[in-house]
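Before any comments, here is the structure.
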Amino acid sequence: MRASKECPFCPGNEEMTPRALAVYRDDGVFADGETRIRGWWARCIPNMYPAVVQSPAAPTPEWVAVPARGGHEVIIESPDHESSPATFDYETAIRMISVYADRYRYHVEHGSSYVSIFKNWGREAGASLSHTHTQLIALPLVPPLVMREISSISSMPACPYCAIAERESSSERLIFREGEWVCIAPFYSQTPYEMWILPFKHISNLLELNDSMLVGLGRALKEALRRLSALLNDPPYNYMLFQMGSNYHLNIRIQPAITRIAGFEKNTGIYINPVPPEQAASELRSVS
């Protein structure tokens, strides 16, 4: 295992961060007490610059606003300073998904309306530290983007994600299948080499996964990122988990940050992608 004396996310440097909200070790899950717990394989800490907090200040009276109440934490998925999900072994990738599910459960049970789980890899994608980590923001509301999507889905006779998973599993946009999961280059890819990971089964969130599906998702996410890293020389990327309590279809979207969102995209909401998804899928399929 590789560590850095300067990195606050590395083992041995636990005093550089706030006390952990959850520490995952082989002998159980703990919260830091008076001393920092060592010997962990994953660690969740409060974000030093939170977007939301447990007890926000009241909004200014002249504005109609929702207080920024919630939770913002960092999930350190591995003690190894030089690893990433693209280089994780399968056990580490599966453990990472189990931590996502555990922290998602915690915030849902504590009243959050939406739990955003996302990873920024590389400075161009928004990562301020190179040690692999994921962010979780628990919100008191459902984001407008997700609300619009749910509204559109509710007007349809059947789940569109179920149809996408089934149809694309035999299309030229298929990248690979992993058990009960499919990885595709979506027809409407906003970025070059964008990938989606979808379950064939209609699953709304991580808490509905059985053990087999959780293992499959860990393997699928690791494999997708391994191929992306091999093809594009470890590019910066973001991945985002989209999930809800019910009436939704869990999906993970991976977007490499290799082009810039510029004026046209911001002005129209229409994205110019120079790499057709069929070409992207073909290149990603060819990665051995």
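Just remember, in the structure tokens the first chain shown is A, the second B, etc., residues are 1-based per chain, and ligands are 1-based in the order shown.
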
Quiz item: Near A:His72, counting only C-alpha atoms, which residues have an atom at most 12 Å away, once you skip same-chain residues fewer than 3 positions from it, shown as an MDAnalysis selection string?
Solution: chainID A and resid 21 44:54 68:69 75 103:104 107 112 115:118 134:140

Quiz prompt | strand (DSSP E) per DSSP on the backbone: members of stretch 96-252 of chain A, as a PyMOL selection string | solution = chain A and resi 114-121+134-139+174-178+181-184+195-199+237-242+251-252

Quiz prompt | Exercise: A:Ala158 partners within 12 Å, only C-alpha atoms, chain neighbours under 6 positions left out, as number ranges by chain | solution = A: 152, 164, 202, 247-249

Dump of all heavy atoms for the selected residues, as an mmCIF file, in the first residue's frame:
data_model
loop_
_atom_site.group_PDB
_atom_site.id
_atom_site.type_symbol
_atom_site.label_atom_id
_atom_site.label_comp_id
_atom_site.auth_asym_id
_atom_site.auth_seq_id
_atom_site.Cartn_x
_atom_site.Cartn_y
_atom_site.Cartn_z
ATOM 1 N N SER A 152 -41.268 13.423 -16.729
ATOM 2 C CA SER A 152 -41.343 12.846 -18.071
ATOM 3 C C SER A 152 -41.587 11.347 -18.012
ATOM 4 O O SER A 152 -42.402 10.795 -18.767
ATOM 5 C CB SER A 152 -40.043 13.128 -18.833
ATOM 6 O OG SER A 152 -39.864 14.520 -19.032
ATOM 7 N N ILE A 164 -34.256 1.119 -22.677
ATOM 8 C CA ILE A 164 -32.893 1.430 -23.123
ATOM 9 C C ILE A 164 -31.959 0.261 -22.832
ATOM 10 O O ILE A 164 -31.172 -0.160 -23.689
ATOM 11 C CB ILE A 164 -32.389 2.720 -22.446
ATOM 12 C CG1 ILE A 164 -33.133 3.939 -22.989
ATOM 13 C CG2 ILE A 164 -30.884 2.883 -22.649
ATOM 14 C CD1 ILE A 164 -32.844 5.218 -22.228
ATOM 15 N N HIS A 202 -35.633 -3.582 -13.030
ATOM 16 C CA HIS A 202 -36.079 -2.243 -12.632
ATOM 17 C C HIS A 202 -35.766 -2.040 -11.146
ATOM 18 O O HIS A 202 -36.534 -2.393 -10.264
ATOM 19 C CB HIS A 202 -37.575 -2.075 -12.881
ATOM 20 C CG HIS A 202 -38.047 -0.663 -12.657
ATOM 21 N ND1 HIS A 202 -37.838 0.349 -13.569
ATOM 22 C CD2 HIS A 202 -38.690 -0.099 -11.610
ATOM 23 C CE1 HIS A 202 -38.347 1.479 -13.097
ATOM 24 N NE2 HIS A 202 -38.867 1.230 -11.915
ATOM 25 N N ASN A 247 -40.048 4.426 -8.103
ATOM 26 C CA ASN A 247 -40.512 4.860 -9.421
ATOM 27 C C ASN A 247 -39.404 5.493 -10.264
ATOM 28 O O ASN A 247 -39.620 6.457 -10.998
ATOM 29 C CB ASN A 247 -41.691 5.835 -9.293
ATOM 30 C CG ASN A 247 -42.871 5.217 -8.584
ATOM 31 O OD1 ASN A 247 -43.163 4.031 -8.773
ATOM 32 N ND2 ASN A 247 -43.546 5.992 -7.765
ATOM 33 N N TYR A 248 -38.207 4.942 -10.125
ATOM 34 C CA TYR A 248 -37.080 5.432 -10.907
ATOM 35 C C TYR A 248 -36.244 4.216 -11.277
ATOM 36 O O TYR A 248 -36.473 3.113 -10.772
ATOM 37 C CB TYR A 248 -36.263 6.455 -10.094
ATOM 38 C CG TYR A 248 -35.231 7.201 -10.904
ATOM 39 C CD1 TYR A 248 -35.619 8.120 -11.871
ATOM 40 C CD2 TYR A 248 -33.864 6.980 -10.706
ATOM 41 C CE1 TYR A 248 -34.685 8.804 -12.627
ATOM 42 C CE2 TYR A 248 -32.914 7.664 -11.456
ATOM 43 C CZ TYR A 248 -33.327 8.565 -12.419
ATOM 44 O OH TYR A 248 -32.394 9.233 -13.157
ATOM 45 N N HIS A 249 -35.290 4.423 -12.164
ATOM 46 C CA HIS A 249 -34.419 3.333 -12.599
ATOM 47 C C HIS A 249 -32.977 3.768 -12.360
ATOM 48 O O HIS A 249 -32.478 4.687 -13.017
ATOM 49 C CB HIS A 249 -34.655 3.023 -14.084
ATOM 50 C CG HIS A 249 -34.082 1.733 -14.552
ATOM 51 N ND1 HIS A 249 -34.867 0.674 -14.982
ATOM 52 C CD2 HIS A 249 -32.799 1.312 -14.663
ATOM 53 C CE1 HIS A 249 -34.082 -0.335 -15.348
ATOM 54 N NE2 HIS A 249 -32.825 0.036 -15.163
#

Practice problem: Could you tell me which of A:Met16, A:Ala93, A:Ile76, A:Ala257 comes closest to A:Thr191 if we count only C-alpha atoms? | Solution: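 So, comparing all the options, the nearest one is A:Ala257.
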
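If you measure from each of A:Thr259, A:Ser55, A:Gln243, A:Ser288 to A:Ser204 using only C-alpha atoms, the closest one turns out to be A:Gln243.
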
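Backbone DSSP over stretch 80-134 of chain A yields helix (DSSP H, G or I) at Tyr90, Glu91, Thr92, Ala93, Ile94, Arg95, Met96, Ile97, Ser98, Val99, Tyr100, Ala101, Asp102, Arg103, Tyr104, Arg105, Tyr106, His107, Val108, Glu109, Arg123, Glu124 and Ala125 of chain A.
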
Would you mind exporting the chosen residues as an mmCIF file, in the first residue's frame, restricted to C-alpha atoms?
data_model
loop_
_atom_site.group_PDB
_atom_site.id
_atom_site.type_symbol
_atom_site.label_atom_id
_atom_site.label_comp_id
_atom_site.auth_asym_id
_atom_site.auth_seq_id
_atom_site.Cartn_x
_atom_site.Cartn_y
_atom_site.Cartn_z
ATOM 1 C CA TYR A 90 -12.696 -6.341 -7.821
ATOM 2 C CA GLU A 91 -12.938 -6.685 -4.032
ATOM 3 C CA THR A 92 -12.102 -3.004 -3.497
ATOM 4 C CA ALA A 93 -14.561 -1.889 -6.184
ATOM 5 C CA ILE A 94 -17.345 -3.994 -4.654
ATOM 6 C CA ARG A 95 -16.551 -2.661 -1.175
ATOM 7 C CA MET A 96 -16.789 0.873 -2.565
ATOM 8 C CA ILE A 97 -20.320 0.228 -3.825
ATOM 9 C CA SER A 98 -21.267 -1.231 -0.437
ATOM 10 C CA VAL A 99 -20.077 1.975 1.262
ATOM 11 C CA TYR A 100 -22.099 4.061 -1.197
ATOM 12 C CA ALA A 101 -25.180 2.017 -0.296
ATOM 13 C CA ASP A 102 -24.519 2.303 3.434
ATOM 14 C CA ARG A 103 -24.100 6.093 3.363
ATOM 15 C CA TYR A 104 -27.104 6.459 1.041
ATOM 16 C CA ARG A 105 -29.162 4.480 3.561
ATOM 17 C CA TYR A 106 -27.976 6.663 6.437
ATOM 18 C CA HIS A 107 -29.028 9.926 4.811
ATOM 19 C CA VAL A 108 -32.355 8.605 3.520
ATOM 20 C CA GLU A 109 -33.201 7.349 7.003
ATOM 21 C CA ARG A 123 -8.130 18.380 -11.581
ATOM 22 C CA GLU A 124 -9.873 19.192 -14.881
ATOM 23 C CA ALA A 125 -12.920 17.323 -13.582
#

Quiz item: What separation in Å, quoted to one decimal, exists between atom CA of A:Pro256 and atom CA of A:Pro85?
Solution: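 Distance reported for this atom pair: 14.2 Å.
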
Exercise. Can you work out the spacing between atom CA of A:Arg36 and atom CA of A:Gly71 in Å, to one decimal?
Key: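 Those two atoms sit 20.9 Å apart.
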
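Across the structure, atom CA of A:Pro236 and atom CA of A:Trp181 are spaced 24.0 Å apart.
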
Exercise. Quick one: everything within 10 Å of A:Arg227, counting only C-alpha atoms, minus sequence neighbours fewer than 4 positions away in the same chain. Send it as a list in words.
Key: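 Everything that qualifies: Ala86, Ile175, Lys222, Glu223, Leu231, Leu232, Asn233, Asp234, Glu283, Leu284, Arg285, Ser286, Val287 and Ser288 of chain A.
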
Write out the residues from the selection above, keeping N, CA, C and O atoms, as an mmCIF file, in the first residue's frame.
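In the end it all went to part19.cif:
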data_model
loop_
_atom_site.group_PDB
_atom_site.id
_atom_site.type_symbol
_atom_site.label_atom_id
_atom_site.label_comp_id
_atom_site.auth_asym_id
_atom_site.auth_seq_id
_atom_site.Cartn_x
_atom_site.Cartn_y
_atom_site.Cartn_z
ATOM 1 N N ALA A 86 -10.259 2.685 -11.486
ATOM 2 C CA ALA A 86 -9.791 2.018 -12.708
ATOM 3 C C ALA A 86 -8.744 0.962 -12.415
ATOM 4 O O ALA A 86 -8.585 0.007 -13.187
ATOM 5 N N ILE A 175 -21.139 -1.664 -24.973
ATOM 6 C CA ILE A 175 -19.715 -1.781 -24.656
ATOM 7 C C ILE A 175 -19.433 -3.150 -24.037
ATOM 8 O O ILE A 175 -18.571 -3.887 -24.496
ATOM 9 N N LYS A 222 -15.849 -0.838 -12.219
ATOM 10 C CA LYS A 222 -14.383 -0.974 -12.335
ATOM 11 C C LYS A 222 -13.979 -1.251 -13.788
ATOM 12 O O LYS A 222 -13.021 -0.663 -14.312
ATOM 13 N N GLU A 223 -14.704 -2.137 -14.465
ATOM 14 C CA GLU A 223 -14.356 -2.497 -15.836
ATOM 15 C C GLU A 223 -14.548 -1.312 -16.780
ATOM 16 O O GLU A 223 -13.720 -1.080 -17.672
ATOM 17 N N LEU A 231 -7.888 3.362 -22.784
ATOM 18 C CA LEU A 231 -8.083 3.954 -24.110
ATOM 19 C C LEU A 231 -7.602 5.395 -24.180
ATOM 20 O O LEU A 231 -6.988 5.810 -25.165
ATOM 21 N N LEU A 232 -7.863 6.171 -23.125
ATOM 22 C CA LEU A 232 -7.598 7.611 -23.154
ATOM 23 C C LEU A 232 -6.497 8.043 -22.192
ATOM 24 O O LEU A 232 -6.393 9.230 -21.866
ATOM 25 N N ASN A 233 -5.700 7.082 -21.717
ATOM 26 C CA ASN A 233 -4.553 7.391 -20.859
ATOM 27 C C ASN A 233 -4.994 8.089 -19.568
ATOM 28 O O ASN A 233 -4.527 9.187 -19.247
ATOM 29 N N ASP A 234 -5.873 7.440 -18.835
ATOM 30 C CA ASP A 234 -6.347 7.920 -17.528
ATOM 31 C C ASP A 234 -6.862 9.356 -17.597
ATOM 32 O O ASP A 234 -6.319 10.263 -16.951
ATOM 33 N N GLU A 283 -14.529 1.553 -29.908
ATOM 34 C CA GLU A 283 -13.174 1.695 -29.383
ATOM 35 C C GLU A 283 -13.073 1.131 -27.964
ATOM 36 O O GLU A 283 -12.075 0.488 -27.606
ATOM 37 N N LEU A 284 -14.102 1.367 -27.147
ATOM 38 C CA LEU A 284 -14.082 0.871 -25.776
ATOM 39 C C LEU A 284 -14.232 -0.651 -25.744
ATOM 40 O O LEU A 284 -13.658 -1.321 -24.882
ATOM 41 N N ARG A 285 -15.015 -1.213 -26.681
ATOM 42 C CA ARG A 285 -15.142 -2.670 -26.771
ATOM 43 C C ARG A 285 -13.813 -3.319 -27.111
ATOM 44 O O ARG A 285 -13.512 -4.435 -26.674
ATOM 45 N N SER A 286 -12.997 -2.626 -27.895
ATOM 46 C CA SER A 286 -11.752 -3.212 -28.388
ATOM 47 C C SER A 286 -10.653 -3.238 -27.333
ATOM 48 O O SER A 286 -9.619 -3.889 -27.549
ATOM 49 N N VAL A 287 -10.847 -2.547 -26.205
ATOM 50 C CA VAL A 287 -9.836 -2.518 -25.149
ATOM 51 C C VAL A 287 -9.753 -3.893 -24.511
ATOM 52 O O VAL A 287 -10.761 -4.450 -24.066
ATOM 53 N N SER A 288 -8.573 -4.458 -24.470
ATOM 54 C CA SER A 288 -8.414 -5.793 -23.895
ATOM 55 C C SER A 288 -8.024 -5.701 -22.427
ATOM 56 O O SER A 288 -7.647 -4.651 -21.933
#
